Amino acid sequence: MVKPTADSPSSSHVTITVTSSGGSRSKGITSPVPRHSLSNSPLATEKRRQSSAGRYLSFSKDSSDEFVAYTVQIPATPDNRILSDSQASMPLDSREKNNVLLYPNEGAIKDTIYTGGFNSATKAHSVKNVDDQETRMEKSKTLCWMEGCDEKAVDGKFKNHCDCGFRLCDDCYYDCVTNGGGRCPGCKDVYKEDYGDFDLPKSEEKDKANPLPSWGRGVKLEKNFSLVQSFKNPNHDFDHTRWLFETKGTYGYGNALWPREAEFYDNPPDFTDRRNKPLTRKVGISAAIISPYRLLMVIRLAVLGCFLTWRIQHPNHDAKWLWLMSVICEIWFAFSWLLDQLPKICPVKRVSDLTVLGQRFEYPEPNLRNAKKLSDLPGIDIFVSTADPEKEPPLVTANTILSILAVDYPVEKVACYLSDDGGSLVTFEALAEAASFARTWVPFCRKHKIEPRNPEAYFAQKRDPLKNKVRVDFVRERRRVKREYDEFKVTINALPDSIRRRSDAFNAQEEIKAKKKQLELGINSAESVNVPRATWMSDGSHWHGTWASSEEHHSRGDHEGIIQIMLVPASPEPLFGNEADESNLVDTTEVDIRLPMLVYVSREKRPGFDHNKKAGAMNALVRASAIMSNGAFILNLDCDHYVYNSLALREGMCFMLDRGGDKICFVQFPQRFEGIDPNDRYANHNTVFFDVTMRALDGLQGPMYVGTGCVFRRIALYGFSPPRATEHLGWFGRQKIRKLLLRKKSKDEVRKDEDDEEMLLPINGNVYENDDATRASLSKQFGNSTSLVDSIAVAEFGGRLLHELRGKGCLGRPAGSLAVQREPLDAAVLAEAVSVITCFYEERTEWGKRVGWIYGSVTEDVVTGYRMHNRGWRSVYCVTKRDAFRGTAPINLTDRLNQVLRWATGSVEIFFSRNNALFASPRMKFLQRVAYFNVGIYPFTSIFLLVYCVLPALSLFSGQFIVQSLDVTFLIFLLAITLSLCLLAVLEIRWSGITLHDWWRNEQFWLIGGTSAHPAAVIQGLLKVIAGVDISFTLTSKSSAAEDGEEEFAELYEFRWTTLMVPPITIIMFNVLAIGVAASRTVYSTFPQWSKLLGGIFFSFWVLSHLYPFAKGLMGRKGKIPTIVYLWSGLICIVISLLTVYVYPPAGGQSNLRFQFP
């Protein structure tokens, strides 16, 4: 039953009333999240309150100054959804003022910070309102609730004309019946009672449909609509309501789905056409490109085989050591090329159709199933992660949040969560400022169709802002919003200083109070007063997260868990604003001003616990969001990656909701970057990977997960297996066995697979298992939160395909089953959410092992995607015409090398772990295994690359070459290998759309990274595996937009020394000196060997041309080489010169080089 929370600010009496109403009961499977008060999860069917004939369960709380109530209706027909009394009966002016429908305890939820953690109780901290705003007062039960009417009830209370409880006087009720179309101003539904003596339109009675027959207790979950089995085809369900559409059949009085003589309904839509249109389609590469591309791969492979065979059979007897090293390196390079090239054999392109998505899941006109035109799209929870406000500027994070809040997706279906792993007050207040500015920015974007919807990126555009803008008020409103954003930037950038000054002032007051108290107690005033240097919030209370002074329980690794709702969930119906005035910068009379739900989350951290970096923070968000919003899909973004295309979420949903989409675990978008120098000196765009490799993987089992810009299916992230899977057996996986994974396993099979990674949804046939054994198993895997366990089934139902699109033997959902509003949040829900982000919640669970983001690697993204593919899921690569997301990348050489070092170290960890593709399951395709195996092994290529880059210099110093002589056979092989590589590059450019410049920059940085960061990664990985040395990395600094007067690419020319630069500098100096020594020796030689000189110079030039961007980066601005580069270069030159003279002494032998002490 409904119980008041222990921390409730009011101790008023709580009453529960139950009133009867005709109709049948609902199974309640579409509720987005379970509640303790009325559990409507499919997993909690046995504990659910039963209602035999359809009832209203009312909860009310009376106090001296307010009345709050809500009613949960168990509906009789699919079109009547749960509607709370407080949402339906709230006055209209309060809705417009607060932008959302009020919840019974909205003030306590929105203005309260919830904290809790290890050895501490969950607490609700009320935040004082620092603005001088009037307190909102609810109208009394004795007054008419119509806007502008304060009529009092004659006998003390009004008659309830509508089930929603919206109270009207007789005059207002008459106006609603005669002039308002007979609709209740609260819930907008037609009055169902007899109107008495009022003159009503005769068509009103005909609009009412008879109630559907009640369902039995044992009805299956997916049968909650009028679906009956077809006698002709028992394997498929027959949709009776669709049959009524197409045949215009009726039963009882009026059509069950489409009323007769309705004034506000059009003709029924053509379900057949809408059902048959695909949401996505695959576009193959032209045969004129892909066929020669595959042929060239075979030719190059054959040429490499012949070349290596010839090299082994023709050694250089004059320099066998040189020949042996070169042959070993060339064999490894051929093997590495094969691993990289094989997965590129089947590239594909995909396109989506957003028009069909709107037709299938959004209803332009109301019907009895969806009278309020609510969207049938599933909910999406968006995760944004940040950890350090110094390296990740709050302004960048705030702009990312603003772009998310303005996405073109049903507002009530979006929830945004910001994970602040540093617990910083700067980030907290920046998010609060962003939520305030969003009330101006989001309506402006919707009204004028602004792209991109990141204010910093939009106002920084150099193109004409008036292009494609037709509204006459655009220029005026743009100027106002721009001025408001400039003030917003100043506020955000000044937050660190303002917080510091505020904290200093409060701390000084605390010191004065402490000294006064010391004097009152008679203690010697000379003694120092120990007052903690706290960080203070604007309302004069201590910040619950990290303090600048890093006091006990308030440091980066030691603070409470914090949850604060910045924007409450939006109402399900559109809400329009007011005309432009002093407080409203934009005229929003025709614009929906609702905002998505926005939540600040900082998980608890305590000493002695392993918090698992970003992966642990993301798992905390998964659990908290499951309890608060429970979107069926999850989008994760880095704090510097903003939404560049407002339709990006719809693009991703096209793949998830299309036929066969129930096997897709995630949709990966390409990463696109801004703020990179035009020449892309260090290959920051990484277009070869995102436009060549990832497109090729999309033709196999799907692209890898790359850490950001990815839409997940929540159930796949929970570690469950797909509904169907294919096992690939035999040589190269040519034998395929398809399996259906929704059936309940026998007890023997469950015991056999206890140690395996197989996790099946607790579904037996079409019914969720709710026995004690099932719940105990889920609790063991997901933790002891009952709400979290109950939310699993709801999330699975929300991610299902429609009945007509589901696969054979798989579950589906009826159309319109997600067109419901979200349940209101209360203190109990937030307290539960705080409990699941504590530092000890994951103990003795599967989080990080099989559930959520996987722990144990600095590249947790690749490992998480690999585990999903290993269970049989597939992924999709979504390349949109307009970039979906854009972010920043480090353009400084040192930052770029450190970034590559972290990636390569993670790959080495993968290679030495159970996540090595050699141990993949049969459900992973063979070529997909090759791709993942290449991810783990590519850093080891650096060992052979270092040796091969030194070989040309050794050849020039020694006067020998890797072959005995430069004969015709060697030159032909060399020419064939070079031409095949160039032709393959040209064809890749043709089918992928990249440029030759991008391809060449990628080749250059491959050698730069392979001689600097990758060898260090191999050493670090081996130290971790062998010696157990832990690997730690610092965050990559996120660059913000250049201010006025600053150079745009100033970071590109900054020189920051790192030891990773030593190997490339050594290689450069070694080859330059070798060319000089060999040239001088050949010129002055009696018998010059020009062929060996030219061969050595050619290979040295190949090395130096690849290292040119690195050398240019060392020179800094205007060619000013730092002093440390001179020092290292001079040291390396001296060492090389001494070694050369020792190994190849001049005439007189080595005896002259011996040192003799006097």
# chains A, B, ... in the order shown; residues from 1 in each chain; ligands from 1
>>> residues_around(residues="Thr115 (chain A)", least_positions_apart="6", cutoff="6 Å", atoms="only C-alpha atoms", output="list in words")
Thr122, Lys123, Gly561 and Ile562 of chain A
>>> residues_around(residues="Phe690 (chain A)", least_positions_apart="6", cutoff="9 Å", atoms="only C-alpha atoms", output="number ranges by chain")
A: 670-672
>>> residues_around(residues="Ala508 (chain A)", least_positions_apart="5", cutoff="10 Å", atoms="only C-alpha atoms", output="list in words")
Arg502, Ser503, Lys513, Ala514, Val531 and Arg533 of chain A
>>> write_last_selection(atoms="N, CA, C and O atoms", output="short mmCIF file (atom, residue, chain, number, x, y, z; two decimals), in the first residue's frame")
data_model
loop_
_atom_site.label_atom_id
_atom_site.label_comp_id
_atom_site.auth_asym_id
_atom_site.auth_seq_id
_atom_site.Cartn_x
_atom_site.Cartn_y
_atom_site.Cartn_z
N ARG A 502 33.02 33.20 -2.32
CA ARG A 502 31.90 32.90 -1.43
C ARG A 502 32.35 32.01 -0.28
O ARG A 502 32.01 32.24 0.88
N SER A 503 33.13 30.97 -0.61
CA SER A 503 33.60 30.06 0.42
C SER A 503 34.52 30.75 1.41
O SER A 503 34.46 30.50 2.63
N LYS A 513 32.90 33.08 14.42
CA LYS A 513 31.99 32.43 15.36
C LYS A 513 32.75 31.49 16.29
O LYS A 513 32.46 31.42 17.49
N ALA A 514 33.71 30.77 15.75
CA ALA A 514 34.47 29.82 16.57
C ALA A 514 35.30 30.55 17.61
O ALA A 514 35.43 30.10 18.76
N VAL A 531 39.00 25.26 12.14
CA VAL A 531 37.74 25.34 11.39
C VAL A 531 38.00 24.78 9.99
O VAL A 531 38.90 25.24 9.29
N ARG A 533 38.07 24.24 6.14
CA ARG A 533 37.91 25.15 5.01
C ARG A 533 36.94 24.52 4.01
O ARG A 533 37.32 23.83 3.06
#
>>> residues_around(residues="Leu279 (chain A)", least_positions_apart="3", cutoff="7 Å", atoms="only C-alpha atoms", output="VMD selection string")
chain A and resid 352 to 353 356 to 357 654 658
>>> write_last_selection(atoms="all heavy atoms", output="PDB file, in the first residue's frame")
ATOM      1  N   SER A 352      18.508   5.546 -43.372  1.00  0.00           N
ATOM      2  CA  SER A 352      17.271   5.418 -42.602  1.00  0.00           C
ATOM      3  C   SER A 352      16.205   6.329 -43.200  1.00  0.00           C
ATOM      4  O   SER A 352      16.507   7.278 -43.928  1.00  0.00           O
ATOM      5  CB  SER A 352      17.521   5.776 -41.133  1.00  0.00           C
ATOM      6  OG  SER A 352      18.039   7.083 -41.024  1.00  0.00           O
ATOM      7  N   ASP A 353      14.954   6.049 -42.868  1.00  0.00           N
ATOM      8  CA  ASP A 353      13.817   6.810 -43.362  1.00  0.00           C
ATOM      9  C   ASP A 353      13.060   7.357 -42.159  1.00  0.00           C
ATOM     10  O   ASP A 353      12.282   6.643 -41.513  1.00  0.00           O
ATOM     11  CB  ASP A 353      12.908   5.915 -44.216  1.00  0.00           C
ATOM     12  CG  ASP A 353      11.896   6.725 -45.019  1.00  0.00           C
ATOM     13  OD1 ASP A 353      11.596   7.857 -44.611  1.00  0.00           O
ATOM     14  OD2 ASP A 353      11.408   6.214 -46.056  1.00  0.00           O
ATOM     15  N   VAL A 356       9.006   7.372 -42.328  1.00  0.00           N
ATOM     16  CA  VAL A 356       8.313   6.141 -41.937  1.00  0.00           C
ATOM     17  C   VAL A 356       8.307   5.995 -40.418  1.00  0.00           C
ATOM     18  O   VAL A 356       7.323   5.519 -39.832  1.00  0.00           O
ATOM     19  CB  VAL A 356       8.977   4.923 -42.606  1.00  0.00           C
ATOM     20  CG1 VAL A 356       8.303   3.633 -42.182  1.00  0.00           C
ATOM     21  CG2 VAL A 356       8.944   5.068 -44.120  1.00  0.00           C
ATOM     22  N   LEU A 357       9.385   6.415 -39.765  1.00  0.00           N
ATOM     23  CA  LEU A 357       9.432   6.338 -38.301  1.00  0.00           C
ATOM     24  C   LEU A 357       8.316   7.175 -37.691  1.00  0.00           C
ATOM     25  O   LEU A 357       7.633   6.735 -36.757  1.00  0.00           O
ATOM     26  CB  LEU A 357      10.794   6.820 -37.798  1.00  0.00           C
ATOM     27  CG  LEU A 357      11.001   6.755 -36.281  1.00  0.00           C
ATOM     28  CD1 LEU A 357      11.205   5.322 -35.838  1.00  0.00           C
ATOM     29  CD2 LEU A 357      12.189   7.620 -35.862  1.00  0.00           C
ATOM     30  N   CYS A 654      15.643   4.252 -35.816  1.00  0.00           N
ATOM     31  CA  CYS A 654      15.219   3.568 -37.037  1.00  0.00           C
ATOM     32  C   CYS A 654      15.836   2.169 -37.114  1.00  0.00           C
ATOM     33  O   CYS A 654      15.163   1.205 -37.521  1.00  0.00           O
ATOM     34  CB  CYS A 654      15.616   4.391 -38.267  1.00  0.00           C
ATOM     35  SG  CYS A 654      14.607   5.852 -38.535  1.00  0.00           S
ATOM     36  N   ASP A 658      13.416  -1.348 -36.427  1.00  0.00           N
ATOM     37  CA  ASP A 658      13.077  -1.945 -37.702  1.00  0.00           C
ATOM     38  C   ASP A 658      13.066  -3.470 -37.577  1.00  0.00           C
ATOM     39  O   ASP A 658      13.494  -4.035 -36.570  1.00  0.00           O
ATOM     40  CB  ASP A 658      14.073  -1.503 -38.772  1.00  0.00           C
ATOM     41  CG  ASP A 658      13.507  -1.655 -40.175  1.00  0.00           C
ATOM     42  OD1 ASP A 658      12.315  -1.957 -40.300  1.00  0.00           O
ATOM     43  OD2 ASP A 658      14.266  -1.480 -41.146  1.00  0.00           O
TER      44      ASP A 658
END
>>> closest_residue(among="A:Glu846, A:Asp861, A:Gly1130, A:Arg871", to="Lys739 (chain A)", atoms="only C-alpha atoms")
A:Arg871
>>> residues_around(residues="Lys349 (chain A)", least_positions_apart="5", cutoff="8 Å", atoms="only C-alpha atoms", output="PyMOL selection string")
chain A and resi 282-285+695+879
>>> write_last_selection(atoms="C-alpha atoms", output="compact mmCIF listing (two decimals), in the first residue's frame")
# COMPACT_ATOMS: atom_id res chain seq x y z
CA LYS A 282 21.31 -1.37 -46.81
CA VAL A 283 23.12 0.24 -49.75
CA GLY A 284 25.84 -1.95 -51.21
CA ILE A 285 29.08 -0.67 -52.67
CA ARG A 695 32.04 0.72 -42.45
CA VAL A 879 26.52 7.46 -40.80
>>> residues_around(residues="Ile380 (chain A)", least_positions_apart="3", cutoff="7 Å", atoms="only C-alpha atoms", output="list of chain:residue names")
A:Lys413, A:Val414, A:Ala415, A:Gly631, A:Ala632, A:Phe633, A:Ile634
>>> closest_residue(among="A:Ser424, A:Asn468, A:Asn612, A:Ser913", to="Thr535 (chain A)", atoms="only C-alpha atoms")
A:Ser424
>>> closest_atom_pairs(of="region 812-925 of chain A", to="region 615-630 of chain A", cutoff="7 Å", atoms="only C-alpha atoms", output="CSV")
residue,atom,partner,partner_atom,distance
A:Val829,CA,A:Met628,CA,6.7
A:Ala833,CA,A:Ala624,CA,4.8
A:Val836,CA,A:Arg623,CA,6.3
A:Ile837,CA,A:Ala620,CA,5.1
A:Gly852,CA,A:Asn619,CA,5.8
A:Trp853,CA,A:Ala615,CA,5.4
A:Ile854,CA,A:Ala615,CA,6.8
A:Tyr855,CA,A:Ala615,CA,6.5
A:Glu860,CA,A:Ala615,CA,6.5
>>> write_last_selection(atoms="C-alpha atoms", output="mmCIF file, in the first residue's frame")
data_model
loop_
_atom_site.group_PDB
_atom_site.id
_atom_site.type_symbol
_atom_site.label_atom_id
_atom_site.label_comp_id
_atom_site.auth_asym_id
_atom_site.auth_seq_id
_atom_site.Cartn_x
_atom_site.Cartn_y
_atom_site.Cartn_z
ATOM 1 C CA VAL A 829 12.401 6.659 -5.617
ATOM 2 C CA ALA A 833 18.475 5.766 -6.593
ATOM 3 C CA VAL A 836 22.413 2.058 -5.901
ATOM 4 C CA ILE A 837 25.249 4.558 -6.493
ATOM 5 C CA GLY A 852 27.143 -3.094 -17.625
ATOM 6 C CA TRP A 853 30.475 -1.628 -18.694
ATOM 7 C CA ILE A 854 33.230 -4.207 -18.187
ATOM 8 C CA TYR A 855 36.080 -3.491 -15.740
ATOM 9 C CA GLU A 860 36.527 -0.444 -21.327
#
